[in-house]
file data.cif (mmCIF, C-alpha atoms)
data_query
#
loop_
_atom_site.label_atom_id
_atom_site.label_comp_id
_atom_site.auth_asym_id
_atom_site.auth_seq_id
_atom_site.Cartn_x
_atom_site.Cartn_y
_atom_site.Cartn_z
CA GLN A 1269 -61.38 -0.80 14.64
CA ASN A 1270 -60.00 -4.08 15.99
CA ARG A 1271 -60.24 -5.67 12.56
CA LYS A 1272 -58.37 -2.73 11.05
CA CYS A 1273 -55.58 -3.09 13.65
CA ILE A 1274 -55.36 -6.83 13.06
CA LYS A 1275 -55.20 -6.25 9.29
CA MET A 1276 -52.39 -3.69 9.70
CA ALA A 1277 -50.48 -6.05 12.00
CA ASP A 1278 -50.83 -8.85 9.46
CA GLU A 1279 -49.56 -6.56 6.69
CA ASP A 1280 -46.59 -5.54 8.84
CA ASN A 1281 -45.75 -9.15 9.59
CA ALA A 1282 -45.99 -10.02 5.89
CA GLU A 1283 -43.63 -7.18 4.99
CA LEU A 1284 -41.15 -8.17 7.67
CA LEU A 1285 -41.28 -11.78 6.49
CA ALA A 1286 -40.73 -10.66 2.88
CA LEU A 1287 -37.78 -8.53 4.02
CA GLN A 1288 -36.28 -11.47 5.91
CA ARG A 1289 -36.59 -13.67 2.81
CA ILE A 1290 -34.96 -11.01 0.63
CA ASP A 1291 -32.04 -10.70 3.08
CA GLU A 1292 -31.57 -14.48 3.13
CA THR A 1293 -31.61 -14.60 -0.69
CA CYS A 1294 -29.01 -11.75 -0.81
CA THR A 1295 -26.69 -13.69 1.51
CA GLN A 1296 -27.04 -16.86 -0.58
CA LEU A 1297 -26.34 -15.00 -3.83
CA GLN A 1298 -23.20 -13.40 -2.37
CA GLN A 1299 -21.97 -16.77 -1.11
CA GLN A 1300 -22.47 -18.12 -4.65
CA GLY A 1301 -20.54 -15.18 -6.11
CA ASN A 1302 -23.61 -13.79 -7.95
CA TYR A 1303 -22.93 -10.22 -6.88
CA LEU A 1304 -24.98 -8.41 -9.54
CA GLU A 1305 -28.08 -10.47 -8.66
CA ALA A 1306 -27.31 -9.87 -4.98
CA LEU A 1307 -27.24 -6.11 -5.65
CA GLU A 1308 -30.65 -6.23 -7.35
CA CYS A 1309 -31.96 -8.17 -4.37
CA MET A 1310 -30.45 -5.62 -1.95
CA GLU A 1311 -32.12 -2.78 -3.83
CA ARG A 1312 -35.52 -4.50 -3.47
CA GLY A 1313 -34.83 -4.88 0.24
CA LEU A 1314 -33.92 -1.19 0.48
CA VAL A 1315 -37.22 -0.12 -1.10
CA LEU A 1316 -39.12 -2.37 1.31
CA ARG A 1317 -37.19 -0.94 4.28
CA GLN A 1318 -38.00 2.62 3.17
CA HIS A 1319 -41.69 1.71 3.05
CA PHE A 1320 -41.70 -0.14 6.36
CA PHE A 1321 -39.28 1.88 8.57
CA GLY A 1322 -39.43 5.30 6.86
CA ALA A 1323 -37.02 6.86 4.34
CA ASP A 1324 -34.99 8.68 7.01
CA SER A 1325 -34.73 5.81 9.51
CA GLU A 1326 -31.43 4.41 10.83
CA GLU A 1327 -32.44 1.01 9.45
CA VAL A 1328 -32.61 2.47 5.93
CA TRP A 1329 -29.28 4.34 6.19
CA ARG A 1330 -27.56 1.18 7.46
CA ALA A 1331 -28.95 -0.64 4.42
CA CYS A 1332 -27.78 2.21 2.15
CA LYS A 1333 -24.25 1.72 3.51
CA VAL A 1334 -24.28 -2.01 2.68
CA VAL A 1335 -25.74 -1.47 -0.81
CA GLY A 1336 -23.17 1.29 -1.44
CA GLU A 1337 -20.35 -1.09 -0.53
CA MET A 1338 -21.70 -3.65 -3.02
CA CYS A 1339 -21.92 -0.97 -5.74
CA ASN A 1340 -18.27 -0.07 -5.17
CA LEU A 1341 -17.17 -3.70 -5.18
CA LEU A 1342 -18.99 -4.40 -8.45
CA ALA A 1343 -17.80 -1.16 -10.04
CA MET A 1344 -14.15 -2.13 -9.58
CA THR A 1345 -14.87 -5.57 -11.03
CA TYR A 1346 -16.43 -4.00 -14.12
CA LEU A 1347 -13.55 -1.50 -14.35
CA GLN A 1348 -11.14 -4.41 -14.74
CA GLN A 1349 -13.40 -5.70 -17.54
CA GLU A 1350 -13.48 -2.19 -19.09
CA ASP A 1351 -17.29 -2.04 -18.97
CA PHE A 1352 -17.15 1.70 -18.33
CA ALA A 1353 -20.88 2.42 -18.69
CA MET A 1354 -21.67 -0.08 -15.92
CA VAL A 1355 -18.84 1.32 -13.74
CA LEU A 1356 -20.21 4.85 -13.92
CA GLU A 1357 -23.79 3.72 -13.26
CA LEU A 1358 -22.73 1.77 -10.17
CA LEU A 1359 -20.52 4.56 -8.79
CA LYS A 1360 -23.21 7.20 -9.26
CA LYS A 1361 -25.55 4.93 -7.28
CA ALA A 1362 -22.87 4.57 -4.60
CA GLU A 1363 -22.45 8.35 -4.43
CA ILE A 1364 -26.16 8.74 -3.58
CA LEU A 1365 -26.21 5.80 -1.15
CA THR A 1366 -23.18 7.05 0.83
CA GLU A 1367 -24.70 10.45 1.62
CA ARG A 1368 -24.47 9.70 5.38
CA ASP A 1369 -21.50 7.33 5.20
CA PRO A 1370 -18.34 9.49 4.93
CA PRO A 1371 -15.87 6.56 4.76
CA GLY A 1372 -18.01 4.95 2.04
CA ARG A 1373 -18.21 8.22 0.14
CA ALA A 1374 -14.40 8.61 0.28
CA VAL A 1375 -14.07 5.10 -1.22
CA THR A 1376 -16.60 6.02 -3.90
CA PHE A 1377 -14.71 9.20 -4.80
CA ASN A 1378 -11.47 7.20 -4.98
CA ASN A 1379 -13.13 4.73 -7.33
CA LEU A 1380 -14.60 7.54 -9.46
CA ALA A 1381 -11.06 8.94 -9.69
CA CYS A 1382 -9.82 5.56 -10.96
CA TYR A 1383 -12.66 5.50 -13.52
CA TYR A 1384 -11.91 8.99 -14.85
CA ARG A 1385 -8.17 8.28 -14.94
CA ARG A 1386 -8.83 5.18 -17.08
CA GLN A 1387 -10.94 7.40 -19.34
CA GLY A 1388 -8.03 9.83 -19.68
CA LYS A 1389 -9.90 12.59 -17.82
CA LEU A 1390 -7.09 13.44 -15.41
CA HIS A 1391 -8.47 16.74 -14.07
CA ALA A 1392 -11.80 15.10 -13.17
CA SER A 1393 -9.87 12.25 -11.55
CA LEU A 1394 -7.82 14.69 -9.47
CA GLN A 1395 -10.94 16.58 -8.33
CA TYR A 1396 -12.46 13.36 -6.95
CA LEU A 1397 -9.19 12.47 -5.20
CA GLN A 1398 -9.09 15.90 -3.58
CA LYS A 1399 -12.66 15.37 -2.37
CA ALA A 1400 -11.71 11.96 -0.96
CA LEU A 1401 -8.66 13.40 0.83
CA LYS A 1402 -10.82 16.16 2.33
CA ILE A 1403 -13.27 13.60 3.74
CA GLU A 1404 -10.48 11.35 5.04
CA GLY A 1405 -8.86 14.34 6.73
CA ARG A 1406 -11.98 14.76 8.87
CA LEU A 1407 -12.26 11.09 9.89
CA GLU A 1408 -10.66 9.60 12.99
CA LYS A 1409 -10.10 6.22 11.34
CA VAL A 1410 -9.60 5.55 7.64
CA ASP A 1411 -9.00 2.17 5.99
CA ASN A 1412 -5.89 2.31 3.79
CA PRO A 1413 -5.45 6.12 3.77
CA ALA A 1414 -2.17 5.78 1.87
CA ASP A 1415 -4.00 4.53 -1.23
CA THR A 1416 -5.68 7.89 -1.87
CA HIS A 1417 -2.30 9.64 -1.72
CA LEU A 1418 -0.77 7.14 -4.15
CA ASN A 1419 -3.68 7.54 -6.56
CA ALA A 1420 -3.19 11.32 -6.33
CA CYS A 1421 0.54 10.85 -6.94
CA ALA A 1422 -0.06 8.85 -10.13
CA VAL A 1423 -2.57 11.39 -11.51
CA LEU A 1424 -0.45 14.44 -10.62
CA SER A 1425 2.56 12.76 -12.23
CA GLN A 1426 0.63 12.31 -15.47
CA LEU A 1427 -0.36 15.98 -15.27
CA GLY A 1428 3.35 16.92 -14.98
CA ARG A 1429 3.00 18.21 -11.39
CA HIS A 1430 5.93 16.22 -10.07
CA GLN A 1431 6.69 18.11 -6.84
CA SER A 1432 3.08 17.69 -5.66
CA ALA A 1433 3.15 14.06 -6.81
CA LEU A 1434 6.31 13.47 -4.76
CA GLU A 1435 4.72 14.97 -1.64
CA HIS A 1436 1.70 12.67 -1.94
CA ALA A 1437 3.94 9.61 -2.45
CA GLN A 1438 5.96 10.56 0.65
CA SER A 1439 2.74 11.00 2.67
CA ALA A 1440 1.66 7.54 1.51
CA LEU A 1441 4.99 6.04 2.55
CA ILE A 1442 4.72 7.47 6.08
CA LEU A 1443 1.15 6.19 6.45
CA LEU A 1444 2.11 2.73 5.17
CA GLN A 1445 5.08 2.42 7.52
CA GLU A 1446 2.81 3.31 10.43
CA GLU A 1447 0.12 0.90 9.23
CA LEU A 1448 2.40 -2.07 8.57
CA PHE A 1449 5.37 -1.70 10.89
CA ASN A 1450 4.42 0.99 13.44
CA GLY A 1451 7.11 3.18 11.93
CA VAL A 1452 9.80 0.45 12.03
CA ASN A 1453 12.01 0.15 8.92
CA PRO A 1454 10.39 -2.53 6.71
CA LEU A 1455 13.84 -3.72 5.64
CA GLY A 1456 14.86 -4.37 9.26
CA ASP A 1457 14.94 -7.81 10.90
CA GLU A 1458 12.08 -7.21 13.33
CA ALA A 1459 9.36 -6.65 10.74
CA VAL A 1460 6.44 -9.10 11.01
CA PRO A 1461 5.18 -10.34 7.62
CA PRO A 1462 2.09 -8.28 6.72
CA LYS A 1463 -0.55 -8.91 4.07
CA ALA A 1464 0.69 -9.14 0.49
CA ASP A 1465 -1.67 -6.50 -0.91
CA ARG A 1466 -0.45 -3.88 1.55
CA ILE A 1467 3.22 -4.77 1.02
CA ALA A 1468 2.64 -4.34 -2.73
CA VAL A 1469 1.32 -0.83 -2.04
CA LEU A 1470 4.39 -0.06 0.13
CA ALA A 1471 6.74 -1.19 -2.65
CA ILE A 1472 4.77 0.97 -5.11
CA ALA A 1473 5.10 3.98 -2.76
CA TYR A 1474 8.91 3.65 -2.83
CA HIS A 1475 8.80 3.23 -6.61
CA ASN A 1476 6.59 6.29 -7.12
CA ILE A 1477 8.89 8.38 -4.97
CA GLY A 1478 11.74 7.22 -7.22
CA VAL A 1479 9.78 8.18 -10.35
CA GLU A 1480 9.06 11.69 -9.10
CA GLN A 1481 12.64 12.20 -7.87
CA GLU A 1482 13.86 11.14 -11.31
CA PHE A 1483 11.54 13.69 -12.97
CA LEU A 1484 12.85 16.33 -10.54
CA LYS A 1485 16.45 15.31 -11.44
CA LYS A 1486 17.27 14.13 -7.90
CA PHE A 1487 19.01 11.15 -9.45
CA ASP A 1488 20.90 9.72 -6.47
CA GLN A 1489 17.79 9.82 -4.25
CA SER A 1490 15.75 8.38 -7.10
CA LEU A 1491 17.96 5.30 -7.52
CA SER A 1492 17.87 4.71 -3.76
CA SER A 1493 14.04 4.87 -3.72
CA TYR A 1494 13.72 2.55 -6.71
CA ARG A 1495 16.06 0.07 -5.04
CA LYS A 1496 14.09 0.11 -1.76
CA GLY A 1497 10.86 -0.62 -3.64
CA VAL A 1498 12.39 -3.67 -5.30
CA GLU A 1499 13.98 -4.86 -2.03
CA VAL A 1500 10.64 -4.69 -0.18
CA ALA A 1501 8.84 -6.51 -3.01
CA GLU A 1502 11.52 -9.23 -3.29
CA ARG A 1503 11.67 -9.78 0.45
CA TYR A 1504 7.94 -10.07 1.13
CA LEU A 1505 6.33 -10.96 -2.21
CA GLY A 1506 9.12 -13.03 -3.73
CA PRO A 1507 11.35 -12.41 -6.79
CA ASP A 1508 8.84 -13.82 -9.29
CA HIS A 1509 5.76 -11.91 -8.15
CA SER A 1510 4.23 -9.71 -10.89
CA ILE A 1511 4.63 -6.52 -8.81
CA THR A 1512 8.28 -7.38 -8.08
CA VAL A 1513 8.97 -8.03 -11.78
CA THR A 1514 7.26 -4.77 -12.82
CA LEU A 1515 9.19 -2.69 -10.29
CA ARG A 1516 12.49 -4.43 -11.04
CA ASN A 1517 12.14 -3.81 -14.79
CA SER A 1518 11.25 -0.17 -14.15
CA THR A 1519 14.26 0.20 -11.85
CA VAL A 1520 16.64 -1.28 -14.44
CA ALA A 1521 15.29 1.10 -17.09
CA ALA A 1522 15.59 4.06 -14.69
CA ARG A 1523 19.17 3.15 -13.76
CA ARG A 1524 20.18 3.00 -17.42
CA ALA A 1525 18.51 6.33 -18.18
CA ILE A 1526 20.02 8.09 -15.15
CA VAL A 1527 23.53 6.72 -15.71
CA ALA A 1528 23.39 7.85 -19.36
CA LYS A 1529 22.49 11.41 -18.31
CA ASP A 1530 24.38 11.93 -15.04
CA PRO A 1531 28.14 11.20 -14.81
CA GLN A 1532 28.05 11.64 -11.01
CA ALA A 1533 25.32 8.99 -10.70
CA ARG A 1534 27.41 6.68 -12.92
CA ALA A 1535 30.43 7.02 -10.60
CA GLN A 1536 28.32 6.53 -7.45
CA LEU A 1537 26.64 3.48 -8.94
CA THR A 1538 29.99 1.87 -9.75
CA THR A 1539 31.17 2.43 -6.14
CA LYS A 1540 27.93 1.05 -4.68
CA GLN A 1541 28.05 -2.02 -6.88
CA ALA A 1542 31.59 -2.77 -5.64
CA LYS A 1543 30.46 -2.41 -2.00
CA SER A 1544 27.40 -4.55 -2.65
CA LYS A 1545 29.52 -7.42 -3.97
CA ALA A 1546 31.73 -7.25 -0.86
CA LYS A 1547 28.69 -7.49 1.44
CA LYS A 1548 26.94 -10.33 -0.39
CA GLY A 1549 25.94 -13.28 1.75
CA LYS A 1550 25.43 -11.32 4.98
CA GLY A 1551 21.62 -10.87 4.72
CA GLY A 1552 19.01 -12.82 6.70
CA GLY A 1553 16.23 -15.02 5.31
CA SER A 1554 13.29 -13.41 3.53
CA LYS A 1555 9.89 -13.05 5.20
CA ARG A 1556 6.97 -13.61 2.85
CA ALA A 1557 3.77 -11.65 3.11
CA THR A 1558 0.43 -13.42 3.40
CA GLY A 1559 -2.55 -13.17 1.07
CA THR A 1560 -2.85 -12.03 -2.54
CA VAL A 1561 -2.48 -8.78 -4.41
CA GLY A 1562 -5.44 -7.33 -6.30
CA SER A 1563 -4.89 -5.91 -9.78
CA GLU A 1564 -6.01 -2.47 -8.55
CA ALA A 1565 -2.59 -2.08 -6.88
CA THR A 1566 -0.85 -1.75 -10.24
CA GLY A 1567 -3.08 1.24 -11.03
CA MET A 1568 -1.21 3.21 -8.35
CA ILE A 1569 2.14 2.88 -10.13
CA SER A 1570 3.35 6.18 -11.58
CA PRO A 1571 4.58 5.79 -15.16
CA ARG A 1572 8.23 6.80 -15.64
CA GLY A 1573 7.75 8.39 -19.05
CA SER A 1574 10.58 10.42 -20.53
CA VAL A 1575 12.52 12.50 -18.01
#

call {"tool": "encode", "arguments": {"input": "data.cif", "output": "structure tokens"}}
result
Amino acid sequence: QNRKCIKMADEDNAELLALQRIDETCTQLQQQGNYLEALECMERGLVLRQHFFGADSEEVWRACKVVGEMCNLLAMTYLQQEDFAMVLELLKKAEILTERDPPGRAVTFNNLACYYRRQGKLHASLQYLQKALKIEGRLEKVDNPADTHLNACAVLSQLGRHQSALEHAQSALILLQEELFNGVNPLGDEAVPPKADRIAVLAIAYHNIGVEQEFLKKFDQSLSSYRKGVEVAERYLGPDHSITVTLRNSTVAARRAIVAKDPQARAQLTTKQAKSKAKKGKGGGSKRATGTVGSEATGMISPRGSV
């Protein structure tokens, strides 16, 4: 009996040692940027944890959360490379792994929505966004809740549901102002420079509101929203940033289209331009945001299309 106990203890120690080595290897691979190899290593560690601690243990579910996060990270990398088969495989893994991780599952659903949108399957994309919003609505704290609304806005816009798209863009704007400025006007003097990726999303929110207002023929409001998006981007990201350039070009195109269709907008624009020239030189210095903007931000931009 004693020998049996000693043997079992030795086996347990060997498994724990193997698990420790696997975890150390995972960390090294991530530090080297070898994320796919790190994921394979994590999956081996997960199997070992299930065997050692039990499939329903807290230790295993904590590991599932970490592996799910890696699956989501890799999926978005492969989405940028348009390796769609790998994206879907990784996200389906993440969906299983996040069974007891509601925030992780909301992220996974958001990413699945991005995948299906890129595939042109807009209804499937919208269904996943609605699932993500439902989960986020039950959580006390959500990282970047505005992003789900902006993704929903872009998909609804492509589906021609512009009033619903506008409502989601406005919800995103409110959430972003609370997140970045505690509700303070981002164009005011007291704003503290936030991170560049979040400012990019704020500028996109203004732009998307402008797009939907243009579709809904609220031309004066639309021009104002477009202008605010460009002003935020120029102030915090700089005039030459790719997001700023994209939004500025879209705003110029929108202004031309609106002025061609709406005589009232043409007259108002002429008046505003005259006032703008009179006020030139009175503004304060710009405050640049910190950090970089990921390419996923551009995926939230609603296309203008033909109005």

call {"tool": "closest_residue", "arguments": {"input": "data.cif", "among": "A:Ile1442, A:Ile1364, A:Leu1390, A:Ala1331", "to": "Arg1312 (chain A)", "atoms": "only C-alpha atoms"}}
result
A:Ala1331

call {"tool": "resolve_selection", "arguments": {"input": "data.cif", "expression": "the PyMOL selection byres ((chain A and resi 1421-1429) around 10)", "output": "PyMOL selection string"}}
result
chain A and resi 1381-1382+1385+1388-1391+1393-1394+1397+1415-1420+1430-1440+1473+1476-1477+1479-1480+1483+1567-1573

call {"tool": "resolve_selection", "arguments": {"input": "data.cif", "expression": "the PyMOL selection byres ((chain A and resi 1333) around 8)", "output": "ChimeraX atom specification"}}
result
/A:1329-1332,1334-1337,1365-1366,1369,1372

call {"tool": "resolve_selection", "arguments": {"input": "data.cif", "expression": "the PyMOL selection byres ((chain A and resi 1288-1296) around 9)", "output": "list in words"}}
result
Glu1283, Leu1284, Leu1285, Ala1286, Leu1287, Leu1297, Gln1298, Gln1299, Gln1300, Gly1301, Asn1302, Tyr1303, Glu1305, Ala1306, Leu1307, Glu1308, Cys1309, Met1310, Arg1312 and Gly1313 of chain A

call {"tool": "closest_residue", "arguments": {"input": "data.cif", "among": "A:Ala1392, A:Ala1353, A:Ala1323, A:Leu1359", "to": "Asn1379 (chain A)", "atoms": "only C-alpha atoms"}}
result
A:Leu1359

call {"tool": "closest_residue", "arguments": {"input": "data.cif", "among": "A:Ala1522, A:Ala1528, A:Leu1304, A:Thr1376", "to": "Tyr1346 (chain A)", "atoms": "all atoms listed in the file"}}
result
A:Leu1304

call {"tool": "atom_distance", "arguments": {"input": "data.cif", "atom1": "CA of Phe1487 (chain A)", "atom2": "CA of Phe1449 (chain A)"}}
result
27.7 Å

call {"tool": "decode", "arguments": {"input": "data.cif", "residues": "region 1307-1367 of chain A", "atoms": "C-alpha atoms", "output": "CSV table (one decimal), in the first residue's frame"}}
result
chain,number,residue,atom,x,y,z
A,1307,LEU,CA,-1.3,28.1,-28.6
A,1308,GLU,CA,-0.3,24.4,-29.3
A,1309,CYS,CA,1.7,24.4,-26.1
A,1310,MET,CA,-1.2,25.9,-24.2
A,1311,GLU,CA,-3.5,23.2,-25.5
A,1312,ARG,CA,-1.1,20.5,-24.3
A,1313,GLY,CA,-1.1,22.2,-20.9
A,1314,LEU,CA,-4.9,22.3,-20.9
A,1315,VAL,CA,-5.2,18.5,-21.5
A,1316,LEU,CA,-2.7,17.9,-18.7
A,1317,ARG,CA,-4.6,20.1,-16.3
A,1318,GLN,CA,-7.9,18.3,-17.2
A,1319,HIS,CA,-6.2,15.0,-16.3
A,1320,PHE,CA,-4.5,16.2,-13.1
A,1321,PHE,CA,-7.1,18.6,-11.6
A,1322,GLY,CA,-10.4,17.3,-13.2
A,1323,ALA,CA,-12.3,18.5,-16.2
A,1324,ASP,CA,-14.6,20.7,-14.2
A,1325,SER,CA,-12.0,22.3,-11.9
A,1326,GLU,CA,-11.4,26.0,-11.5
A,1327,GLU,CA,-7.8,25.5,-12.6
A,1328,VAL,CA,-9.0,24.1,-15.9
A,1329,TRP,CA,-11.6,26.8,-16.5
A,1330,ARG,CA,-9.0,29.5,-15.8
A,1331,ALA,CA,-6.7,27.8,-18.4
A,1332,CYS,CA,-9.7,27.7,-20.8
A,1333,LYS,CA,-10.0,31.5,-20.4
A,1334,VAL,CA,-6.3,32.1,-21.3
A,1335,VAL,CA,-6.4,29.7,-24.2
A,1336,GLY,CA,-9.6,31.3,-25.5
A,1337,GLU,CA,-7.9,34.7,-25.4
A,1338,MET,CA,-5.0,33.4,-27.5
A,1339,CYS,CA,-7.4,31.9,-30.0
A,1340,ASN,CA,-9.1,35.3,-30.4
A,1341,LEU,CA,-5.8,37.1,-30.7
A,1342,LEU,CA,-4.6,34.7,-33.4
A,1343,ALA,CA,-7.9,34.7,-35.2
A,1344,MET,CA,-7.8,38.5,-35.8
A,1345,THR,CA,-4.2,38.2,-37.0
A,1346,TYR,CA,-5.3,35.6,-39.6
A,1347,LEU,CA,-8.3,37.7,-40.5
A,1348,GLN,CA,-6.0,40.5,-41.6
A,1349,GLN,CA,-4.1,37.9,-43.7
A,1350,GLU,CA,-7.4,36.7,-45.1
A,1351,ASP,CA,-6.8,33.1,-44.0
A,1352,PHE,CA,-10.5,32.5,-43.4
A,1353,ALA,CA,-10.3,28.8,-42.7
A,1354,MET,CA,-7.9,29.3,-39.9
A,1355,VAL,CA,-9.9,32.2,-38.5
A,1356,LEU,CA,-13.1,30.1,-38.3
A,1357,GLU,CA,-11.2,27.1,-36.7
A,1358,LEU,CA,-9.7,29.4,-34.0
A,1359,LEU,CA,-13.0,31.2,-33.3
A,1360,LYS,CA,-14.9,27.9,-33.0
A,1361,LYS,CA,-12.3,26.8,-30.5
A,1362,ALA,CA,-12.7,30.0,-28.6
A,1363,GLU,CA,-16.5,29.6,-28.5
A,1364,ILE,CA,-16.1,26.3,-26.7
A,1365,LEU,CA,-13.3,27.5,-24.4
A,1366,THR,CA,-15.3,30.6,-23.3
A,1367,GLU,CA,-18.3,28.6,-22.1
